[in-house]
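These notes concern the structure reproduced below.
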Amino acid sequence: MIDAWLAALAGLLIGSFLNVCIYRWPRDLSVVRPRSYCPQCEKPIAWFDNIPLISFLLLRGRCRHCRARIPIRYLIVELLTAISFFVSFWFLGASAPAVKYCVFAAVMITLIFSDLEERILPDEFTLGGAAAGVILAAFVPLRWGIMSLLVHSVHNMRVVSCAEAVFAGCVCAGALWLIRFVYEKVRHREGLGFGDVKMVGMIGTFLGLEGALLALFVGSVLGSIMGLFYIWFAGKDATYEFPFGSFLGVAALAVAFILGVILHGSNATM
């Protein structure tokens, strides 16, 4: 239990850093320098006003200097990251799979809110996340699939798992790219950004082919339903740019934590 609570604390700290990434990377700003500052008055934020969760509540969601409102996203990202880390370690213990799902949650949460706010999916998290997924596949084997049959002569299970991650990522990205290509040819306008293609490829490296395709299906259905409701209620036209990456990220998190963390962890303790 102590591992889960320590993981939650780490999640709060990492969530605070993810907020910096969400704001700065879409604007091509460094996440290292300058130190945290208020976007409105541009005054540096003191360390005691930068404590995850606590500072937001004590300041009542406003800058100490100019009283500008701090986006609620800062609180939500920190909480979601902490909860994801807690759940991973609670069900999987202090293990490599728990670390893998923590990394996946951090990447997904960043992409969800980055796409929601700026309609941008930074390469640092799509391509960087894909690289992390392949590396982690060496320590947390993916479920065997087509690649295990193609490279049956290879007896190193780490190599087979990494190959499976690469294969799943390429197939998923390729499938979404094909949909994007056909849509543009038929409708003569862009329906999906290339960031979405890279994102679903990254999901494939973490969840494998089956998990990524399930996330893509759930995300597409969820995005379509919510998109129609939003367009209807907000009076937007059909060309409104909707953050598909956000819905894909929510679906991927749901698939990963329901199937990979909660159910897998529960079965392991039975």
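Labeling convention for the structure tokens: chains A, B, ... as they appear, residues from 1 per chain, ligands from 1 in order of appearance.
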Would you kindly return, as a PyMOL selection string, each protein, DNA or RNA residue with an atom no farther than 8 Å from any atom of Val77 of chain A, considering only C-alpha atoms and excluding same-chain residues fewer than 2 positions away?
-> chain A and resi 15-16+18-19+73-75+79-81+109-110
Residues within 7 Å of Phe247 of chain A, only C-alpha atoms, excluding chain neighbours under 3 positions, as number ranges by chain | A: 219, 222-223, 244, 250-251
Hey, what's within 12 Å of Asp28 of chain A if we count only C-alpha atoms and toss same-chain stuff fewer than 3 positions away? As a PyMOL selection string, please?
-> chain A and resi 20-25+31+120+122-124
Writer output for current selection, C-alpha atoms, as a PDB file, in the first residue's frame:
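This is the output file again_13.pdb:
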ATOM      1  CA  VAL A  20       4.429  22.955 -18.064  1.00  0.00           C
ATOM      2  CA  CYS A  21       4.779  20.719 -21.125  1.00  0.00           C
ATOM      3  CA  ILE A  22       1.128  21.187 -22.098  1.00  0.00           C
ATOM      4  CA  TYR A  23       1.492  24.958 -22.045  1.00  0.00           C
ATOM      5  CA  ARG A  24       4.990  25.383 -23.476  1.00  0.00           C
ATOM      6  CA  TRP A  25       5.633  22.695 -26.084  1.00  0.00           C
ATOM      7  CA  VAL A  31      10.264  23.443 -20.533  1.00  0.00           C
ATOM      8  CA  ILE A 120      -1.576  20.102 -31.214  1.00  0.00           C
ATOM      9  CA  PRO A 122       3.621  17.407 -29.657  1.00  0.00           C
ATOM     10  CA  ASP A 123       6.163  15.063 -31.262  1.00  0.00           C
ATOM     11  CA  GLU A 124       7.971  14.948 -27.931  1.00  0.00           C
TER      12      GLU A 124
END
